[in-house]
$ cat upload-v2.cif   # mmCIF, C-alpha atoms
data_input
loop_
_atom_site.label_atom_id
_atom_site.label_comp_id
_atom_site.auth_asym_id
_atom_site.auth_seq_id
_atom_site.Cartn_x
_atom_site.Cartn_y
_atom_site.Cartn_z
CA MET B 557 118.13 155.39 100.69
CA PRO B 558 119.89 157.52 103.34
CA ASP B 559 119.72 156.27 106.92
CA SER B 560 117.75 159.34 107.98
CA GLU B 561 115.00 158.41 105.52
CA TRP B 562 114.90 154.86 106.88
CA ASP B 563 114.42 156.27 110.37
CA GLU B 564 111.70 158.60 109.17
CA MET B 565 109.92 155.73 107.45
CA LEU B 566 110.27 153.73 110.65
CA ALA B 567 108.40 156.44 112.56
CA VAL B 568 105.69 156.53 109.90
CA ALA B 569 105.29 152.74 109.92
CA ALA B 570 105.18 152.60 113.72
CA GLY B 571 102.59 155.37 113.88
CA GLU B 572 100.43 153.64 111.31
CA VAL B 573 100.54 150.30 113.12
CA LEU B 574 99.94 151.83 116.55
CA GLU B 575 96.97 153.87 115.39
CA THR B 576 95.35 151.27 113.14
CA MET B 577 95.84 148.04 115.05
CA PHE B 578 96.45 149.21 118.61
CA PHE B 579 94.06 152.19 118.64
CA THR B 580 96.86 154.24 120.16
CA ALA B 581 97.92 157.75 119.18
CA VAL B 582 101.56 158.76 118.88
CA TYR B 583 102.04 162.15 120.51
CA GLY B 584 105.42 162.72 118.95
CA PRO B 585 109.03 161.99 119.79
CA ALA B 586 109.63 161.03 123.42
CA GLN B 587 111.52 163.60 125.43
CA ALA B 588 115.14 162.74 125.98
CA ASP B 589 114.75 163.63 129.66
CA GLY B 590 111.55 161.60 129.96
CA PRO B 591 110.35 159.57 132.92
CA PRO B 592 112.82 157.61 135.04
CA ALA B 593 113.79 154.14 133.92
CA GLU B 594 110.81 151.78 134.03
CA PRO B 595 110.60 148.04 133.49
CA ARG B 596 110.62 147.23 129.80
CA VAL B 597 109.17 144.63 127.49
CA ALA B 598 111.44 144.17 124.48
CA ALA B 599 111.42 142.08 121.32
CA ARG B 600 113.65 141.69 118.31
CA LEU B 601 113.29 140.21 114.85
CA ASP B 602 115.55 139.84 111.86
CA PHE B 603 114.57 140.38 108.26
CA GLU B 604 116.12 139.04 105.10
CA GLY B 605 115.87 140.73 101.76
CA THR B 606 117.45 143.74 100.16
CA PRO B 607 118.48 145.05 102.59
CA SER B 608 118.65 142.63 105.50
CA GLY B 609 118.71 143.79 109.07
CA ALA B 610 117.04 143.66 112.45
CA LEU B 611 114.46 145.62 114.37
CA THR B 612 114.51 145.85 118.16
CA LEU B 613 111.54 147.26 120.01
CA SER B 614 111.49 148.19 123.69
CA VAL B 615 108.28 149.35 125.32
CA SER B 616 107.94 150.70 128.83
CA GLU B 617 105.74 148.37 130.88
CA PRO B 618 102.87 150.84 131.39
CA ALA B 619 102.76 151.44 127.65
CA ALA B 620 102.95 147.69 126.93
CA ARG B 621 99.99 147.10 129.24
CA ALA B 622 97.96 149.84 127.57
CA LEU B 623 98.84 148.59 124.08
CA ALA B 624 97.96 145.00 124.98
CA ALA B 625 94.66 146.06 126.52
CA ASN B 626 93.75 147.97 123.36
CA PHE B 627 94.84 145.19 121.04
CA LEU B 628 92.99 142.48 122.93
CA ALA B 629 90.08 144.65 124.07
CA SER B 630 90.83 143.67 127.61
CA GLY B 631 89.16 146.06 130.05
CA ASP B 632 90.08 146.76 133.67
CA GLU B 633 87.43 144.31 134.85
CA ALA B 634 89.43 141.48 133.27
CA GLY B 635 92.33 142.17 135.65
CA PRO B 636 95.97 142.67 134.68
CA LEU B 637 97.13 140.78 131.61
CA PRO B 638 99.72 138.09 132.28
CA VAL B 639 103.29 138.98 131.38
CA SER B 640 103.32 136.25 128.72
CA GLN B 641 100.49 138.00 126.88
CA LEU B 642 102.27 141.34 127.14
CA GLY B 643 105.27 139.72 125.51
CA SER B 644 103.17 138.19 122.73
CA VAL B 645 101.57 141.54 121.97
CA VAL B 646 104.92 143.34 121.89
CA CYS B 647 106.27 140.64 119.56
CA GLU B 648 103.28 141.13 117.26
CA LEU B 649 103.81 144.90 117.37
CA ALA B 650 107.44 144.43 116.33
CA ASN B 651 106.39 142.08 113.54
CA MET B 652 103.85 144.52 112.12
CA ILE B 653 106.08 147.59 112.37
CA CYS B 654 108.90 145.77 110.59
CA GLY B 655 106.60 144.43 107.87
CA SER B 656 104.97 147.80 107.42
CA LEU B 657 108.35 149.54 107.20
CA LEU B 658 109.65 147.16 104.54
CA SER B 659 106.43 147.48 102.56
CA HIS B 660 106.63 151.28 102.79
CA VAL B 661 110.08 151.42 101.27
CA LYS B 662 108.73 149.67 98.19
CA ILE B 663 111.18 146.82 98.09
CA GLU B 664 110.50 145.03 94.83
CA GLU B 665 111.35 141.53 95.92
CA HIS B 666 109.60 140.06 98.90
CA PHE B 667 111.33 139.79 102.23
CA ARG B 668 111.29 137.25 105.00
CA LEU B 669 110.79 138.10 108.65
CA SER B 670 112.01 135.85 111.42
CA SER B 671 109.65 135.08 114.27
CA PRO B 672 109.91 137.90 116.81
CA GLU B 673 111.90 136.92 119.85
CA LEU B 674 111.05 138.27 123.27
CA LEU B 675 114.17 139.59 124.96
CA PRO B 676 114.71 138.53 128.57
CA GLU B 677 114.03 141.18 131.17
CA GLY B 678 117.13 143.28 131.61
CA ALA B 679 118.63 142.17 128.30
CA ALA B 680 120.65 144.87 126.66
CA CYS B 681 119.07 146.70 123.76
CA PRO B 682 121.37 147.71 120.91
CA PRO B 683 124.02 150.23 121.93
CA GLY B 684 123.45 153.85 121.13
CA PRO B 685 120.28 155.88 121.07
CA PRO B 686 117.14 154.42 119.49
CA SER B 687 116.49 155.16 115.83
CA ARG B 688 113.14 156.53 116.97
CA SER B 689 111.61 157.03 120.40
CA LEU B 690 107.85 157.61 120.46
CA ASP B 691 105.60 159.02 123.16
CA VAL B 692 102.37 156.99 123.20
CA GLY B 693 100.84 158.68 126.21
CA ASP B 694 101.10 155.79 128.65
CA GLY B 695 104.82 155.48 128.08
CA ILE B 696 107.51 155.18 125.48
CA VAL B 697 108.15 152.95 122.48
CA ASP B 698 111.83 152.81 121.49
CA LEU B 699 112.85 151.39 118.12
CA TRP B 700 116.30 150.43 116.89
CA LEU B 701 116.71 149.66 113.21
CA ALA B 702 119.92 147.91 112.20
CA LEU B 703 120.53 147.57 108.47
CA GLU B 704 123.25 145.38 107.05
CA HIS B 705 125.09 148.40 105.74
CA ARG B 706 125.15 150.25 109.04
CA ALA B 707 125.90 149.34 112.61
CA ASN B 708 123.46 150.44 115.31
CA MET Z 1007 73.84 134.29 107.63
CA ALA Z 1008 76.20 132.01 109.50
CA PHE Z 1009 79.64 131.42 108.07
CA ARG Z 1010 82.69 129.64 109.38
CA VAL Z 1011 86.15 131.25 109.34
CA LEU Z 1012 89.41 129.41 109.88
CA ILE Z 1013 92.10 131.77 111.20
CA VAL Z 1014 95.64 130.47 110.61
CA ASP Z 1015 98.38 132.35 112.46
CA ASP Z 1016 101.14 131.24 114.81
CA SER Z 1017 100.41 134.18 117.11
CA PRO Z 1018 97.50 133.49 119.50
CA VAL Z 1019 97.10 137.21 120.15
CA MET Z 1020 96.83 137.90 116.41
CA ARG Z 1021 94.17 135.19 116.07
CA ALA Z 1022 92.26 136.79 118.96
CA PHE Z 1023 92.61 140.21 117.33
CA ILE Z 1024 91.24 139.01 113.99
CA ARG Z 1025 88.27 137.34 115.71
CA ARG Z 1026 87.57 140.57 117.55
CA ILE Z 1027 87.86 142.69 114.42
CA ILE Z 1028 85.42 140.50 112.47
CA VAL Z 1029 82.89 140.78 115.31
CA LEU Z 1030 83.53 144.53 115.69
CA SER Z 1031 83.10 145.10 111.97
CA GLY Z 1032 79.49 144.05 112.31
CA MET Z 1033 79.61 140.78 110.39
CA GLU Z 1034 77.00 138.63 112.06
CA GLY Z 1035 76.97 134.87 112.29
CA ALA Z 1036 80.71 134.25 112.21
CA GLU Z 1037 81.94 131.02 113.76
CA PHE Z 1038 85.66 130.69 114.31
CA LEU Z 1039 88.16 127.90 114.05
CA GLU Z 1040 91.85 128.44 114.69
CA ALA Z 1041 95.11 126.84 113.62
CA ALA Z 1042 98.69 127.77 114.53
CA ASP Z 1043 100.18 126.71 111.19
CA GLY Z 1044 99.32 125.30 107.79
CA ARG Z 1045 99.50 121.69 108.91
CA GLN Z 1046 96.94 122.21 111.66
CA ALA Z 1047 94.80 124.10 109.18
CA LEU Z 1048 94.82 121.19 106.72
CA ASP Z 1049 93.80 118.78 109.48
CA LEU Z 1050 90.88 121.02 110.40
CA LEU Z 1051 89.84 121.54 106.78
CA ARG Z 1052 89.78 117.79 106.18
CA ALA Z 1053 87.54 117.31 109.23
CA GLN Z 1054 84.96 120.05 108.80
CA TRP Z 1055 83.58 122.53 106.33
CA VAL Z 1056 84.97 126.07 106.37
CA ASP Z 1057 83.63 128.98 104.31
CA VAL Z 1058 86.81 131.02 104.24
CA VAL Z 1059 90.43 130.72 105.42
CA LEU Z 1060 92.39 133.73 106.69
CA THR Z 1061 96.07 132.86 106.76
CA ASP Z 1062 99.35 134.48 107.70
CA ILE Z 1063 102.41 133.69 105.57
CA ASN Z 1064 105.32 133.30 107.97
CA MET Z 1065 104.57 130.36 110.26
CA PRO Z 1066 106.53 127.37 111.55
CA ALA Z 1067 105.89 123.79 110.40
CA MET Z 1068 103.92 124.80 107.30
CA ASP Z 1069 103.74 128.40 106.13
CA GLY Z 1070 100.99 130.14 104.20
CA GLU Z 1071 102.66 129.57 100.85
CA GLN Z 1072 102.87 125.81 101.46
CA LEU Z 1073 99.28 125.77 102.69
CA LEU Z 1074 98.10 127.37 99.45
CA ARG Z 1075 100.06 124.82 97.40
CA CYS Z 1076 98.50 121.95 99.36
CA LEU Z 1077 94.99 123.33 98.94
CA GLU Z 1078 95.47 123.84 95.21
CA GLY Z 1079 96.54 120.23 94.90
CA ASP Z 1080 93.56 118.88 96.80
CA ASP Z 1081 90.41 118.36 94.71
CA LEU Z 1082 88.17 118.62 97.75
CA LEU Z 1083 89.75 121.67 99.31
CA LYS Z 1084 90.81 123.78 96.33
CA SER Z 1085 87.43 125.53 96.26
CA VAL Z 1086 87.79 126.87 99.80
CA PRO Z 1087 88.60 130.57 99.42
CA VAL Z 1088 91.77 131.78 101.10
CA VAL Z 1089 92.54 135.36 102.09
CA VAL Z 1090 96.15 136.09 103.03
CA VAL Z 1091 96.59 138.42 106.02
CA SER Z 1092 100.23 139.46 106.18
CA THR Z 1093 102.64 142.23 107.08
CA ASP Z 1094 104.32 141.65 103.72
CA GLY Z 1095 102.67 144.00 101.26
CA THR Z 1096 105.33 143.90 98.56
CA ALA Z 1097 103.95 143.60 95.06
CA SER Z 1098 105.94 140.45 94.36
CA ARG Z 1099 104.56 138.68 97.43
CA VAL Z 1100 100.97 139.69 96.70
CA HIS Z 1101 101.35 138.49 93.11
CA GLN Z 1102 102.88 135.22 94.26
CA MET Z 1103 100.05 134.50 96.69
CA PHE Z 1104 97.37 135.20 94.09
CA SER Z 1105 99.18 133.01 91.59
CA LEU Z 1106 99.10 130.19 94.15
CA GLY Z 1107 95.34 130.49 94.44
CA ALA Z 1108 94.68 133.11 97.12
CA ARG Z 1109 91.39 134.92 96.49
CA GLY Z 1110 92.19 137.96 98.62
CA TYR Z 1111 95.00 139.78 100.38
CA VAL Z 1112 94.87 142.04 103.41
CA LYS Z 1113 98.05 143.78 104.46
CA LYS Z 1114 98.66 144.44 108.13
CA PRO Z 1115 98.04 146.97 109.54
CA PHE Z 1116 94.44 147.03 108.36
CA LEU Z 1117 91.24 148.80 109.29
CA PRO Z 1118 88.28 146.67 110.43
CA GLU Z 1119 86.29 147.72 107.38
CA THR Z 1120 89.08 146.61 105.07
CA LEU Z 1121 88.91 143.07 106.44
CA ARG Z 1122 85.13 143.09 106.29
CA GLU Z 1123 85.09 144.27 102.67
CA GLU Z 1124 87.56 141.59 101.65
CA LEU Z 1125 85.59 138.89 103.46
CA GLU Z 1126 82.32 140.01 101.90
CA ARG Z 1127 83.90 140.09 98.45
CA VAL Z 1128 85.40 136.65 98.80
CA LEU Z 1129 82.35 135.07 100.43
CA GLY Z 1130 80.06 136.60 97.85
CA GLY Z 1131 76.59 135.06 98.03
CA ALA Z 1132 77.58 132.91 100.99
CA TYR Z 1133 77.33 135.99 103.18
CA ALA Z 1134 74.43 138.38 102.91
CA GLY Z 1135 75.38 140.85 105.67
#
$ encode --input "upload-v2.cif" --output "structure tokens"
Amino acid sequence: MPDSEWDEMLAVAAGEVLETMFFTAVYGPAQADGPPAEPRVAARLDFEGTPSGALTLSVSEPAARALAANFLASGDEAGPLPVSQLGSVVCELANMICGSLLSHVKIEEHFRLSSPELLPEGAACPPGPPSRSLDVGDGIVDLWLALEHRAN
Amino acid sequence: MAFRVLIVDDSPVMRAFIRRIIVLSGMEGAEFLEAADGRQALDLLRAQWVDVVLTDINMPAMDGEQLLRCLEGDDLLKSVPVVVVSTDGTASRVHQMFSLGARGYVKKPFLPETLREELERVLGGAYAG
């Protein structure tokens, strides 16, 4: 499958997961000249199968807070969620997007996902632009898909 | 009617989400137990009755596949219905889990009603909504 189709499937999988499990609409691709750099919550996981690769997800902190509040049904009255819970939710988001993507591409044999790993604050995301950058209203979700046959 | 669900997932936030979704879906009387992996799940199942197990596949210590094998080999526990809740929706994985004794399969992402329908189907007469 061409790389462009993988990236398109990635956007479809991310949209499906965000809308179904995080009750969050995707408004479309994020603008390249979007808001100034904000703190990020980022996670990465590897997958093994045919093909193997890795998915890195970086979410702006306001968007991560909104996604976590939706996922956990945590209202304003509960106070701000601890950073550790934000990280856990972003890891789960990465896990579901990756699984959904691989299921969408109709891989015949099953695949294995590693446990998502939360990237330390300030850790470098993969070089180059994201495979997909999504506007979720409260911020941006950037996704990098690295397949074994291409370098990202 | 009251029923007891054991949620097996290494992600605490996913366990919390599943609990919430079952409550949101309108299923009344659910009591919840939680385990972070298959080994913890077996310990709980040997200590108390559970009506249905919802398990992830990829977990440390003992994964969902190993859990199903252990349950199938246990005369007391093999009748406890297991529903797999996983991001892996490939046909080969679904077939493998059913062949190991799973009674249901819910692929993430899922709608609340999808989980409810699968639970009602698997619980059968044990749950009369």
$ interface_residues --input "upload-v2.cif" --of "chain Z" --to "chain B" --cutoff "7 Å" --atoms "all atoms listed in the file" --output "short mmCIF file (atom, residue, chain, number, x, y, z; two decimals) with C-alpha atoms, in the coordinates of the input"
data_model
loop_
_atom_site.label_atom_id
_atom_site.label_comp_id
_atom_site.auth_asym_id
_atom_site.auth_seq_id
_atom_site.Cartn_x
_atom_site.Cartn_y
_atom_site.Cartn_z
CA VAL Z 1019 97.10 137.21 120.15
CA ALA Z 1022 92.26 136.79 118.96
CA PHE Z 1023 92.61 140.21 117.33
CA THR Z 1093 102.64 142.23 107.08
CA ASP Z 1094 104.32 141.65 103.72
CA GLY Z 1095 102.67 144.00 101.26
CA THR Z 1096 105.33 143.90 98.56
CA ALA Z 1097 103.95 143.60 95.06
CA SER Z 1098 105.94 140.45 94.36
CA ARG Z 1099 104.56 138.68 97.43
CA LYS Z 1114 98.66 144.44 108.13
CA PRO Z 1115 98.04 146.97 109.54
CA PHE Z 1116 94.44 147.03 108.36
CA LEU Z 1117 91.24 148.80 109.29
#
$ closest_residue --input "upload-v2.cif" --among "B:Asp698, B:Tyr583, B:Pro682, B:Val646" --to "Ala610 in chain B" --atoms "all atoms listed in the file"
B:Pro682
$ closest_residue --input "upload-v2.cif" --among "Z:Ile1028, Z:Val1088, Z:Val1100, Z:Leu1039" --to "Leu1060 in chain Z" --atoms "only C-alpha atoms"
Z:Val1088
$ resolve_selection --input "upload-v2.cif" --expression "the PyMOL selection byres ((chain Z and resi 1044) around 8)" --output "VMD selection string"
chain Z and resid 1014 1041 to 1043 1045 to 1048 1065 1067 to 1070 1072 to 1073
$ write_last_selection --input "upload-v2.cif" --atoms "C-alpha atoms" --output "compact mmCIF listing (two decimals), in the frame of the given file"
# COMPACT_ATOMS: atom_id res chain seq x y z
CA VAL Z 1014 95.64 130.47 110.61
CA ALA Z 1041 95.11 126.84 113.62
CA ALA Z 1042 98.69 127.77 114.53
CA ASP Z 1043 100.18 126.71 111.19
CA ARG Z 1045 99.50 121.69 108.91
CA GLN Z 1046 96.94 122.21 111.66
CA ALA Z 1047 94.80 124.10 109.18
CA LEU Z 1048 94.82 121.19 106.72
CA MET Z 1065 104.57 130.36 110.26
CA ALA Z 1067 105.89 123.79 110.40
CA MET Z 1068 103.92 124.80 107.30
CA ASP Z 1069 103.74 128.40 106.13
CA GLY Z 1070 100.99 130.14 104.20
CA GLN Z 1072 102.87 125.81 101.46
CA LEU Z 1073 99.28 125.77 102.69
$ atom_distance --input "upload-v2.cif" --atom1 "CA of Gln1102 in chain Z" --atom2 "CA of Glu561 in chain B"
28.5 Å
$ resolve_selection --input "upload-v2.cif" --expression "the PyMOL selection byres ((chain B and resi 582) around 10)" --output "VMD selection string"
chain B and resid 567 570 to 572 574 to 575 579 to 581 583 to 586 690 to 693 696 to 697
$ write_last_selection --input "upload-v2.cif" --atoms "C-alpha atoms" --output "mmCIF file, keeping the file's coordinate frame"
data_model
loop_
_atom_site.group_PDB
_atom_site.id
_atom_site.type_symbol
_atom_site.label_atom_id
_atom_site.label_comp_id
_atom_site.auth_asym_id
_atom_site.auth_seq_id
_atom_site.Cartn_x
_atom_site.Cartn_y
_atom_site.Cartn_z
ATOM 1 C CA ALA B 567 108.400 156.440 112.560
ATOM 2 C CA ALA B 570 105.180 152.600 113.720
ATOM 3 C CA GLY B 571 102.590 155.370 113.880
ATOM 4 C CA GLU B 572 100.430 153.640 111.310
ATOM 5 C CA LEU B 574 99.940 151.830 116.550
ATOM 6 C CA GLU B 575 96.970 153.870 115.390
ATOM 7 C CA PHE B 579 94.060 152.190 118.640
ATOM 8 C CA THR B 580 96.860 154.240 120.160
ATOM 9 C CA ALA B 581 97.920 157.750 119.180
ATOM 10 C CA TYR B 583 102.040 162.150 120.510
ATOM 11 C CA GLY B 584 105.420 162.720 118.950
ATOM 12 C CA PRO B 585 109.030 161.990 119.790
ATOM 13 C CA ALA B 586 109.630 161.030 123.420
ATOM 14 C CA LEU B 690 107.850 157.610 120.460
ATOM 15 C CA ASP B 691 105.600 159.020 123.160
ATOM 16 C CA VAL B 692 102.370 156.990 123.200
ATOM 17 C CA GLY B 693 100.840 158.680 126.210
ATOM 18 C CA ILE B 696 107.510 155.180 125.480
ATOM 19 C CA VAL B 697 108.150 152.950 122.480
#
$ closest_residue --input "upload-v2.cif" --among "B:Ser608, B:Ser689, B:Ser560, B:Ser640" --to "Arg621 in chain B" --atoms "all atoms listed in the file"
B:Ser640
$ atom_distance --input "upload-v2.cif" --atom1 "CA of Glu1119 in chain Z" --atom2 "CA of Gln1054 in chain Z"
27.7 Å
$ closest_residue --input "upload-v2.cif" --among "Z:Asp1062, Z:Glu1071, Z:Asp1016, Z:Asp1080" --to "Ser1092 in chain Z" --atoms "only C-alpha atoms"
Z:Asp1062
$ atom_distance --input "upload-v2.cif" --atom1 "CA of Thr612 in chain B" --atom2 "CA of Leu703 in chain B"
11.5 Å
$ resolve_selection --input "upload-v2.cif" --expression "the PyMOL selection byres ((chain Z and resi 1111) around 10)" --output "list in words"
Leu1060, Thr1061, Val1088, Val1089, Val1090, Val1091, Ser1092, Gly1095, Val1100, His1101, Met1103, Phe1104, Ala1108, Arg1109, Gly1110, Val1112, Lys1113, Lys1114, Leu1121, Glu1124 and Leu1125 of chain Z
$ closest_residue --input "upload-v2.cif" --among "Z:Val1056, Z:Met1033, Z:Ile1024, Z:Val1011" --to "Glu1123 in chain Z" --atoms "only C-alpha atoms"
Z:Met1033
$ residues_around --input "upload-v2.cif" --residues "Ala650 in chain B" --least-positions-apart "6" --cutoff "8 Å" --atoms "all atoms listed in the file" --output "PyMOL selection string"
chain B and resi 599-601+611-613+672
$ axis_aligned_box --input "upload-v2.cif" --around "range 1038-1044 of chain Z" --padding-each-side "5 Å" --output "lines of an AutoDock Vina configuration file"
center_x = 92.9
center_y = 128.0
center_z = 111.2
size_x = 24.5
size_y = 15.4
size_z = 16.9
$ residues_near_point --input "upload-v2.cif" --point "(90.9, 125.9, 92.8)" --cutoff "12 Å" --atoms "only C-alpha atoms" --output "PDB file with C-alpha atoms, in the coordinates of the input"
ATOM      1  CA  LEU Z1074      98.100 127.370  99.450  1.00  0.00           C
ATOM      2  CA  ARG Z1075     100.060 124.820  97.400  1.00  0.00           C
ATOM      3  CA  CYS Z1076      98.500 121.950  99.360  1.00  0.00           C
ATOM      4  CA  LEU Z1077      94.990 123.330  98.940  1.00  0.00           C
ATOM      5  CA  GLU Z1078      95.470 123.840  95.210  1.00  0.00           C
ATOM      6  CA  GLY Z1079      96.540 120.230  94.900  1.00  0.00           C
ATOM      7  CA  ASP Z1080      93.560 118.880  96.800  1.00  0.00           C
ATOM      8  CA  ASP Z1081      90.410 118.360  94.710  1.00  0.00           C
ATOM      9  CA  LEU Z1082      88.170 118.620  97.750  1.00  0.00           C
ATOM     10  CA  LEU Z1083      89.750 121.670  99.310  1.00  0.00           C
ATOM     11  CA  LYS Z1084      90.810 123.780  96.330  1.00  0.00           C
ATOM     12  CA  SER Z1085      87.430 125.530  96.260  1.00  0.00           C
ATOM     13  CA  VAL Z1086      87.790 126.870  99.800  1.00  0.00           C
ATOM     14  CA  PRO Z1087      88.600 130.570  99.420  1.00  0.00           C
ATOM     15  CA  VAL Z1088      91.770 131.780 101.100  1.00  0.00           C
ATOM     16  CA  PHE Z1104      97.370 135.200  94.090  1.00  0.00           C
ATOM     17  CA  SER Z1105      99.180 133.010  91.590  1.00  0.00           C
ATOM     18  CA  LEU Z1106      99.100 130.190  94.150  1.00  0.00           C
ATOM     19  CA  GLY Z1107      95.340 130.490  94.440  1.00  0.00           C
ATOM     20  CA  ALA Z1108      94.680 133.110  97.120  1.00  0.00           C
ATOM     21  CA  ARG Z1109      91.390 134.920  96.490  1.00  0.00           C
TER      22      ARG Z1109
END
$ build_atoms --input "upload-v2.cif" --residues "range 1104-1125 of chain Z" --atoms "N, CA and C atoms" --output "tab-separated table (two decimals), in the frame of the given file"
chain	number	residue	atom	x	y	z
Z	1104	PHE	N	98.52	135.34	95.00
Z	1104	PHE	CA	97.37	135.20	94.09
Z	1104	PHE	C	97.64	134.11	93.05
Z	1105	SER	N	98.88	134.03	92.60
Z	1105	SER	CA	99.18	133.01	91.59
Z	1105	SER	C	99.10	131.60	92.17
Z	1106	LEU	N	99.23	131.49	93.50
Z	1106	LEU	CA	99.10	130.19	94.15
Z	1106	LEU	C	97.65	129.87	94.51
Z	1107	GLY	N	96.76	130.79	94.23
Z	1107	GLY	CA	95.34	130.49	94.44
Z	1107	GLY	C	94.64	131.33	95.49
Z	1108	ALA	N	95.36	132.25	96.14
Z	1108	ALA	CA	94.68	133.11	97.12
Z	1108	ALA	C	93.60	133.92	96.41
Z	1109	ARG	N	92.48	134.13	97.09
Z	1109	ARG	CA	91.39	134.92	96.49
Z	1109	ARG	C	91.41	136.36	96.99
Z	1110	GLY	N	92.14	136.60	98.07
Z	1110	GLY	CA	92.19	137.96	98.62
Z	1110	GLY	C	93.48	138.18	99.39
Z	1111	TYR	N	93.76	139.45	99.68
Z	1111	TYR	CA	95.00	139.78	100.38
Z	1111	TYR	C	94.74	141.01	101.23
Z	1112	VAL	N	95.02	140.90	102.51
Z	1112	VAL	CA	94.87	142.04	103.41
Z	1112	VAL	C	96.22	142.27	104.07
Z	1113	LYS	N	96.74	143.46	103.88
Z	1113	LYS	CA	98.05	143.78	104.46
Z	1113	LYS	C	97.87	144.38	105.84
Z	1114	LYS	N	98.65	143.84	106.79
Z	1114	LYS	CA	98.66	144.44	108.13
Z	1114	LYS	C	99.59	145.66	108.10
Z	1115	PRO	N	99.25	146.76	108.76
Z	1115	PRO	CA	98.04	146.97	109.54
Z	1115	PRO	C	96.83	147.21	108.64
Z	1116	PHE	N	95.66	146.86	109.15
Z	1116	PHE	CA	94.44	147.03	108.36
Z	1116	PHE	C	93.34	147.61	109.24
Z	1117	LEU	N	92.41	148.28	108.60
Z	1117	LEU	CA	91.24	148.80	109.29
Z	1117	LEU	C	90.18	147.69	109.34
Z	1118	PRO	N	89.32	147.70	110.35
Z	1118	PRO	CA	88.28	146.67	110.43
Z	1118	PRO	C	87.45	146.59	109.15
Z	1119	GLU	N	87.13	147.75	108.58
Z	1119	GLU	CA	86.29	147.72	107.38
Z	1119	GLU	C	87.01	147.11	106.18
Z	1120	THR	N	88.33	147.22	106.17
Z	1120	THR	CA	89.08	146.61	105.07
Z	1120	THR	C	88.94	145.09	105.11
Z	1121	LEU	N	89.05	144.52	106.31
Z	1121	LEU	CA	88.91	143.07	106.44
Z	1121	LEU	C	87.49	142.65	106.10
Z	1122	ARG	N	86.53	143.43	106.56
Z	1122	ARG	CA	85.13	143.09	106.29
Z	1122	ARG	C	84.87	143.11	104.78
Z	1123	GLU	N	85.33	144.17	104.11
Z	1123	GLU	CA	85.09	144.27	102.67
Z	1123	GLU	C	85.70	143.09	101.92
Z	1124	GLU	N	86.89	142.71	102.33
Z	1124	GLU	CA	87.56	141.59	101.65
Z	1124	GLU	C	86.81	140.28	101.91
Z	1125	LEU	N	86.36	140.10	103.15
Z	1125	LEU	CA	85.59	138.89	103.46
Z	1125	LEU	C	84.28	138.86	102.67
